[in-house]
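Participant: Dropping in final13.txt, with compact mmCIF, C-alpha atoms.
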```
# COMPACT_ATOMS: atom_id res chain seq x y z
CA MET Q 23 29.73 20.22 -39.30
CA PHE Q 24 28.80 16.82 -40.57
CA GLN Q 25 30.86 15.43 -37.78
CA SER Q 26 29.26 17.40 -35.03
CA ALA Q 27 25.86 16.19 -36.22
CA LEU Q 28 27.13 12.67 -36.09
CA ARG Q 29 28.60 13.19 -32.69
CA THR Q 30 25.20 14.17 -31.40
CA SER Q 31 23.55 11.12 -32.86
CA LEU Q 32 26.28 8.95 -31.47
CA SER Q 33 25.85 10.22 -27.97
CA LEU Q 34 22.46 8.51 -27.95
CA HIS Q 35 24.25 5.23 -28.28
CA ARG Q 36 26.77 6.07 -25.68
CA SER Q 37 25.35 3.87 -22.99
CA THR Q 38 25.52 0.85 -25.22
CA VAL Q 39 28.99 1.47 -26.58
CA SER Q 40 31.52 -0.58 -24.74
CA SER Q 41 33.10 -3.96 -24.92
CA CYS Q 42 31.29 -7.22 -25.31
CA LEU Q 43 32.74 -10.39 -24.08
CA ARG Q 44 31.76 -13.81 -23.03
CA SER Q 45 33.23 -15.96 -20.36
CA GLN Q 46 36.08 -17.97 -21.64
CA THR Q 47 36.20 -21.37 -20.03
CA PHE Q 48 38.78 -22.84 -22.32
CA ARG Q 49 41.98 -21.01 -22.96
CA ARG Q 50 43.49 -22.08 -26.21
CA PHE Q 51 47.12 -21.95 -26.94
CA LEU Q 52 47.58 -19.62 -29.88
CA SER Q 53 49.45 -21.66 -32.47
CA GLN Q 54 52.11 -20.17 -34.71
CA GLU Q 55 49.77 -20.76 -37.58
CA SER Q 56 46.87 -18.86 -36.00
CA ARG Q 57 49.19 -16.08 -35.00
CA ALA Q 58 50.54 -15.78 -38.54
CA LYS Q 59 47.01 -15.76 -39.95
CA ILE Q 60 45.90 -12.99 -37.63
CA GLN Q 61 49.10 -11.05 -38.24
CA SER Q 62 48.46 -11.07 -41.99
CA ALA Q 63 44.78 -10.22 -41.42
CA VAL Q 64 45.61 -7.09 -39.42
CA THR Q 65 48.14 -5.86 -41.95
CA GLU Q 66 46.26 -6.71 -45.15
CA TYR Q 67 43.96 -3.70 -44.85
CA PRO Q 68 44.72 -0.29 -43.32
CA VAL Q 69 41.66 -0.51 -41.06
CA VAL Q 70 40.59 -3.85 -39.64
CA LEU Q 71 37.74 -4.39 -37.20
CA PHE Q 72 37.12 -7.67 -35.40
CA MET Q 73 33.47 -7.61 -34.41
CA LYS Q 74 30.39 -9.64 -33.65
CA GLY Q 75 28.26 -9.77 -36.78
CA ASN Q 76 28.94 -7.55 -39.77
CA PRO Q 77 28.51 -3.82 -40.44
CA GLU Q 78 25.07 -4.39 -41.95
CA GLN Q 79 23.98 -6.51 -39.02
CA PRO Q 80 26.09 -6.10 -35.90
CA MET Q 81 25.32 -8.72 -33.27
CA CYS Q 82 26.38 -6.65 -30.28
CA GLY Q 83 25.75 -3.05 -29.27
CA PHE Q 84 29.45 -2.45 -28.76
CA SER Q 85 30.38 -3.70 -32.21
CA ARG Q 86 27.56 -1.61 -33.63
CA GLY Q 87 28.98 1.45 -31.90
CA VAL Q 88 32.41 1.09 -33.48
CA VAL Q 89 30.89 0.45 -36.92
CA LYS Q 90 28.89 3.66 -36.52
CA ILE Q 91 31.97 5.60 -35.49
CA LEU Q 92 33.96 4.36 -38.47
CA SER Q 93 31.09 5.08 -40.83
CA ALA Q 94 31.58 8.77 -39.99
CA PHE Q 95 34.82 8.84 -41.94
CA ASP Q 96 33.87 7.56 -45.39
CA ILE Q 97 36.72 5.08 -45.37
CA PRO Q 98 37.09 3.64 -48.88
CA PRO Q 99 35.91 0.00 -48.91
CA GLU Q 100 39.29 -1.19 -50.18
CA LYS Q 101 40.91 0.15 -47.03
CA PHE Q 102 38.51 -1.36 -44.53
CA LYS Q 103 37.85 -4.95 -43.58
CA THR Q 104 35.74 -6.48 -40.84
CA TYR Q 105 35.88 -9.99 -39.46
CA ASN Q 106 32.92 -11.61 -37.77
CA VAL Q 107 34.33 -13.50 -34.81
CA LEU Q 108 31.02 -15.31 -34.30
CA GLU Q 109 31.68 -17.22 -37.50
CA ASP Q 110 35.14 -18.32 -36.51
CA LEU Q 111 35.76 -19.75 -33.05
CA GLU Q 112 39.50 -19.96 -33.64
CA LEU Q 113 39.60 -16.27 -34.49
CA ARG Q 114 37.33 -15.38 -31.60
CA THR Q 115 39.66 -16.84 -29.01
CA GLY Q 116 42.83 -16.21 -31.03
CA ILE Q 117 42.34 -12.48 -31.48
CA LYS Q 118 41.98 -12.00 -27.72
CA GLU Q 119 45.34 -13.60 -27.13
CA PHE Q 120 46.94 -11.94 -30.11
CA SER Q 121 45.94 -8.46 -28.96
CA GLU Q 122 46.15 -9.33 -25.27
CA TRP Q 123 42.73 -7.78 -25.00
CA PRO Q 124 39.79 -9.60 -23.43
CA THR Q 125 36.89 -8.15 -25.37
CA ILE Q 126 35.36 -7.76 -28.82
CA PRO Q 127 35.24 -5.44 -30.81
CA GLN Q 128 38.89 -4.76 -31.53
CA LEU Q 129 40.12 -2.07 -33.90
CA TYR Q 130 43.41 -2.14 -35.80
CA VAL Q 131 44.91 0.63 -37.91
CA ASN Q 132 47.92 -0.21 -40.06
CA GLY Q 133 48.59 -3.37 -38.10
CA GLU Q 134 48.57 -1.58 -34.76
CA PHE Q 135 45.99 -2.36 -32.11
CA VAL Q 136 44.06 0.82 -31.34
CA GLY Q 137 41.67 -0.47 -28.71
CA GLY Q 138 38.16 -1.66 -28.00
CA SER Q 139 34.97 0.33 -28.16
CA ASP Q 140 35.59 2.54 -25.10
CA ILE Q 141 38.85 3.72 -26.63
CA ALA Q 142 37.43 4.04 -30.14
CA LEU Q 143 34.60 6.18 -28.79
CA SER Q 144 36.79 8.45 -26.70
CA MET Q 145 39.28 8.86 -29.57
CA PHE Q 146 36.42 9.68 -31.89
CA GLN Q 147 35.07 12.31 -29.54
CA SER Q 148 38.47 13.90 -29.00
CA GLY Q 149 39.30 13.92 -32.71
CA GLU Q 150 42.29 11.60 -32.21
CA LEU Q 151 40.76 8.87 -34.31
CA GLU Q 152 40.34 11.18 -37.28
CA THR Q 153 43.95 12.32 -36.89
CA LEU Q 154 45.13 8.73 -36.71
CA LEU Q 155 43.27 7.79 -39.88
CA GLU Q 156 44.65 10.86 -41.65
CA GLN Q 157 48.19 10.12 -40.54
CA HIS Q 158 47.97 6.65 -41.98
CA GLY Q 159 46.55 7.92 -45.24
CA VAL Q 160 43.23 6.13 -44.71
CA ILE Q 161 41.26 9.31 -45.24
CA PRO Q 162 42.41 12.56 -46.85
CA LYS Q 163 43.63 15.31 -44.58
CA VAL Q 164 41.10 18.07 -44.13
CA SER Q 165 42.82 21.28 -45.14
CA GLU Q 166 42.74 23.95 -42.47
CA SER Q 167 40.69 26.92 -43.53
CA MET C 1 29.27 -16.97 -8.72
CA PRO C 2 28.24 -13.59 -10.09
CA VAL C 3 30.79 -10.83 -9.90
CA THR C 4 29.76 -8.19 -7.36
CA VAL C 5 30.59 -4.51 -7.09
CA LYS C 6 32.59 -5.42 -3.98
CA ASP C 7 34.68 -7.95 -5.93
CA LEU C 8 35.54 -5.36 -8.53
CA GLU C 9 36.25 -2.68 -5.96
CA ARG C 10 38.53 -4.96 -3.98
CA ALA C 11 40.53 -5.94 -7.06
CA ILE C 12 40.82 -2.35 -8.26
CA ARG C 13 41.89 -0.99 -4.88
CA ALA C 14 44.47 -3.74 -4.57
CA ALA C 15 46.03 -2.74 -7.89
CA PHE C 16 45.72 1.06 -8.07
CA PRO C 17 45.96 4.05 -5.78
CA VAL C 18 42.35 5.23 -6.09
CA SER C 19 41.41 8.89 -5.90
CA HIS C 20 37.90 8.26 -7.21
CA LEU C 21 35.99 5.17 -8.27
CA ASP C 22 32.51 4.64 -9.70
CA ILE C 23 31.28 1.14 -10.40
CA GLU C 24 27.96 0.89 -12.15
CA ASP C 25 26.11 -2.39 -12.42
CA GLN C 26 24.43 -2.17 -15.82
CA SER C 27 22.89 -5.63 -15.68
CA SER C 28 19.97 -4.78 -13.38
CA GLY C 29 21.56 -6.76 -10.59
CA CYS C 30 22.52 -10.05 -12.21
CA GLY C 31 26.18 -9.06 -12.06
CA SER C 32 27.19 -9.63 -15.65
CA SER C 33 27.67 -6.14 -16.98
CA TYR C 34 29.62 -3.30 -15.41
CA ALA C 35 30.92 0.13 -16.27
CA ILE C 36 33.67 1.61 -14.16
CA LEU C 37 35.21 5.02 -13.88
CA LEU C 38 38.58 5.04 -12.18
CA VAL C 39 40.62 8.09 -11.28
CA SER C 40 44.16 7.31 -10.25
CA GLU C 41 47.53 9.00 -10.14
CA ALA C 42 48.91 5.71 -11.47
CA PHE C 43 47.61 6.75 -14.91
CA GLU C 44 49.88 9.77 -15.04
CA GLY C 45 51.92 9.68 -18.25
CA LYS C 46 50.20 6.56 -19.59
CA SER C 47 48.22 6.29 -22.82
CA THR C 48 44.57 5.32 -22.68
CA LEU C 49 45.43 1.97 -24.18
CA ALA C 50 48.06 1.31 -21.52
CA ARG C 51 45.62 2.34 -18.79
CA HIS C 52 42.91 0.05 -20.08
CA ARG C 53 45.39 -2.78 -20.38
CA SER C 54 46.43 -2.33 -16.78
CA ILE C 55 42.79 -2.38 -15.66
CA ASN C 56 42.10 -5.46 -17.80
CA GLN C 57 45.07 -7.13 -16.16
CA ALA C 58 44.02 -6.23 -12.62
CA LEU C 59 40.48 -7.49 -13.27
CA LYS C 60 41.39 -10.48 -15.39
CA GLN C 61 39.48 -12.97 -13.26
CA GLU C 62 36.40 -10.80 -12.96
CA ILE C 63 36.25 -9.71 -16.61
CA SER C 64 36.43 -13.31 -17.79
CA GLN C 65 33.12 -13.93 -15.99
CA LEU C 66 31.32 -10.88 -17.32
CA HIS C 67 29.28 -10.37 -20.42
CA ALA C 68 30.13 -6.72 -20.83
CA PHE C 69 32.66 -4.38 -19.32
CA SER C 70 33.20 -0.72 -20.01
CA GLN C 71 35.87 1.52 -18.53
CA LYS C 72 36.92 5.12 -18.24
CA SER C 73 40.26 6.05 -16.79
CA PHE C 74 41.46 9.48 -15.71
CA THR C 75 44.29 11.08 -13.85
CA PRO C 76 43.09 13.37 -11.04
CA ALA C 77 43.76 16.46 -13.19
CA GLN C 78 41.91 15.00 -16.18
CA TYR C 79 38.99 14.06 -13.98
CA ALA C 80 38.70 17.61 -12.66
CA ALA C 81 38.57 18.85 -16.26
CA TYR C 82 36.05 16.14 -17.18
CA GLN C 83 33.79 17.13 -14.31
CA ALA C 84 34.02 20.80 -15.18
CA LYS C 85 32.97 19.98 -18.74
CA ASN C 86 30.24 17.48 -17.94
CA GLY C 87 28.86 19.14 -14.83
```
Could you spell out this file's structure in structure tokens?
Facilitator:
Amino acid sequence: MFQSALRTSLSLHRSTVSSCLRSQTFRRFLSQESRAKIQSAVTEYPVVLFMKGNPEQPMCGFSRGVVKILSAFDIPPEKFKTYNVLEDLELRTGIKEFSEWPTIPQLYVNGEFVGGSDIALSMFQSGELETLLEQHGVIPKVSES
Amino acid sequence: MPVTVKDLERAIRAAFPVSHLDIEDQSSGCGSSYAILLVSEAFEGKSTLARHRSINQALKQEISQLHAFSQKSFTPAQYAAYQAKNG
């Protein structure tokens, strides 16, 4: 019931939820070191979001959308980490190569790339995202009644 | 050079058998922000992530010049169900 209320409020943001990106003139070679750093970042926490800005102050409507979606699940803070790619140019270009995904935000669950904001939104609406978080023990399973 | 609807359409049609395609310019004409809806039998049996990756790949050149890009991908059967649900 809480979720359906949230779903309604989210639909208002629908038009702004998508993927932000900026033209990439320089393509950096992703060094072993950068790759290793990102690999440990995505596995250190069960849920990792690479975004523009931070959850309190997202700097892009698409990042804001994914933060809103995730906030629906009451994910314990110790299981959720965000990285602000605007503060780290190496990460900003590196994560795109690492994930082979051209846009920010990018969502990871248990080290696996889930998708950008279009995918996060459609998985939220279909209930798949909740199932995924439950399967990985991020949030408790809701007992069927 | 701004990316036009025609550019996107050409690249998409070259890469996918298209049964339906909507391309919406969300940038009020400056060509920096698009949302597409693509219905293709090529998506049959593929996860959403795999579909989006294949679209990203087909539009690599164009996406790198955009500020924002949003996509929806359906198989023909899924699109029929989507239309029935969303009128």
Participant: May I have the residues of chain C within 9 Å of chain Q, counting all atoms listed in the file, written as a list of chain:residue names?
Facilitator: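 Listing them in order of chain and number gives C:Ala35, C:Thr48, C:Leu49, C:His52, C:Arg53, C:Asn56, C:Lys60, C:Ile63, C:Ser64, C:Gln65, C:Leu66, C:His67, C:Ala68, C:Phe69, C:Ser70, C:Gln71, C:Lys72.
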Participant: Could you tell me how far CA of Ser27 in chain C sits from CA of Tyr79 in chain C, in Å to one decimal place?
Facilitator: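 Distance between the two atoms: 25.5 Å.
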Participant: Record the distance separating CA of Thr4 in chain C and CA of His20 in chain C, expressed in Å with one decimal.
Facilitator: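 Atom-to-atom, CA of Thr4 in chain C to CA of His20 in chain C, that is 18.4 Å.
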Participant: Any idea what's packed within 10 Å of Asp7 in chain C, counting only C-alpha atoms, ignoring anything in its chain fewer than 4 positions away? Could you give it as a list in words?
Facilitator: Pro2, Val3, Ala11, Ile12, Leu59 and Glu62 of chain C
Participant: List as a list in words the protein and nucleic acid residues near Phe43 in chain C, meaning an atom at most 10 Å away when only C-alpha atoms are counted, but skip any in the same chain fewer than 4 places from it.
Facilitator: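 In the requested format, the answer is Phe16, Pro17, Leu38, Val39, Ser47, Thr48, Ala50, Arg51, His52, Ser54, Ser73, Phe74, Thr75 and Pro76 of chain C.
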Participant: Only C-alpha atoms, please: the residues just picked out, written as a short mmCIF file (atom, residue, chain, number, x, y, z; two decimals), keeping the file's coordinate frame.
Facilitator:
```
data_model
loop_
_atom_site.label_atom_id
_atom_site.label_comp_id
_atom_site.auth_asym_id
_atom_site.auth_seq_id
_atom_site.Cartn_x
_atom_site.Cartn_y
_atom_site.Cartn_z
CA PHE C 16 45.72 1.06 -8.07
CA PRO C 17 45.96 4.05 -5.78
CA LEU C 38 38.58 5.04 -12.18
CA VAL C 39 40.62 8.09 -11.28
CA SER C 47 48.22 6.29 -22.82
CA THR C 48 44.57 5.32 -22.68
CA ALA C 50 48.06 1.31 -21.52
CA ARG C 51 45.62 2.34 -18.79
CA HIS C 52 42.91 0.05 -20.08
CA SER C 54 46.43 -2.33 -16.78
CA SER C 73 40.26 6.05 -16.79
CA PHE C 74 41.46 9.48 -15.71
CA THR C 75 44.29 11.08 -13.85
CA PRO C 76 43.09 13.37 -11.04
#
```
Participant: Near Glu152 in chain Q, within 12 Å and counting all atoms listed in the file, which residues show up once chain neighbours fewer than 4 positions away are dropped, as a ChimeraX atom specification?
Facilitator: /Q:25,91-97,131,142-148,156-164
Participant: Would you mind reading off the distance between CA of Gly133 in chain Q and CA of Phe120 in chain Q, one decimal, in Å?
Facilitator: 11.8 Å
Participant: As a list of chain:residue names, please: the residues near range 98-102 of chain Q (cut-off 7 Å, all atoms listed in the file, same-chain neighbours under 4 positions excluded).
Facilitator: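 Non-adjacent residues within range: Q:Tyr67, Q:Pro68, Q:Val69, Q:Val70, Q:Val160.
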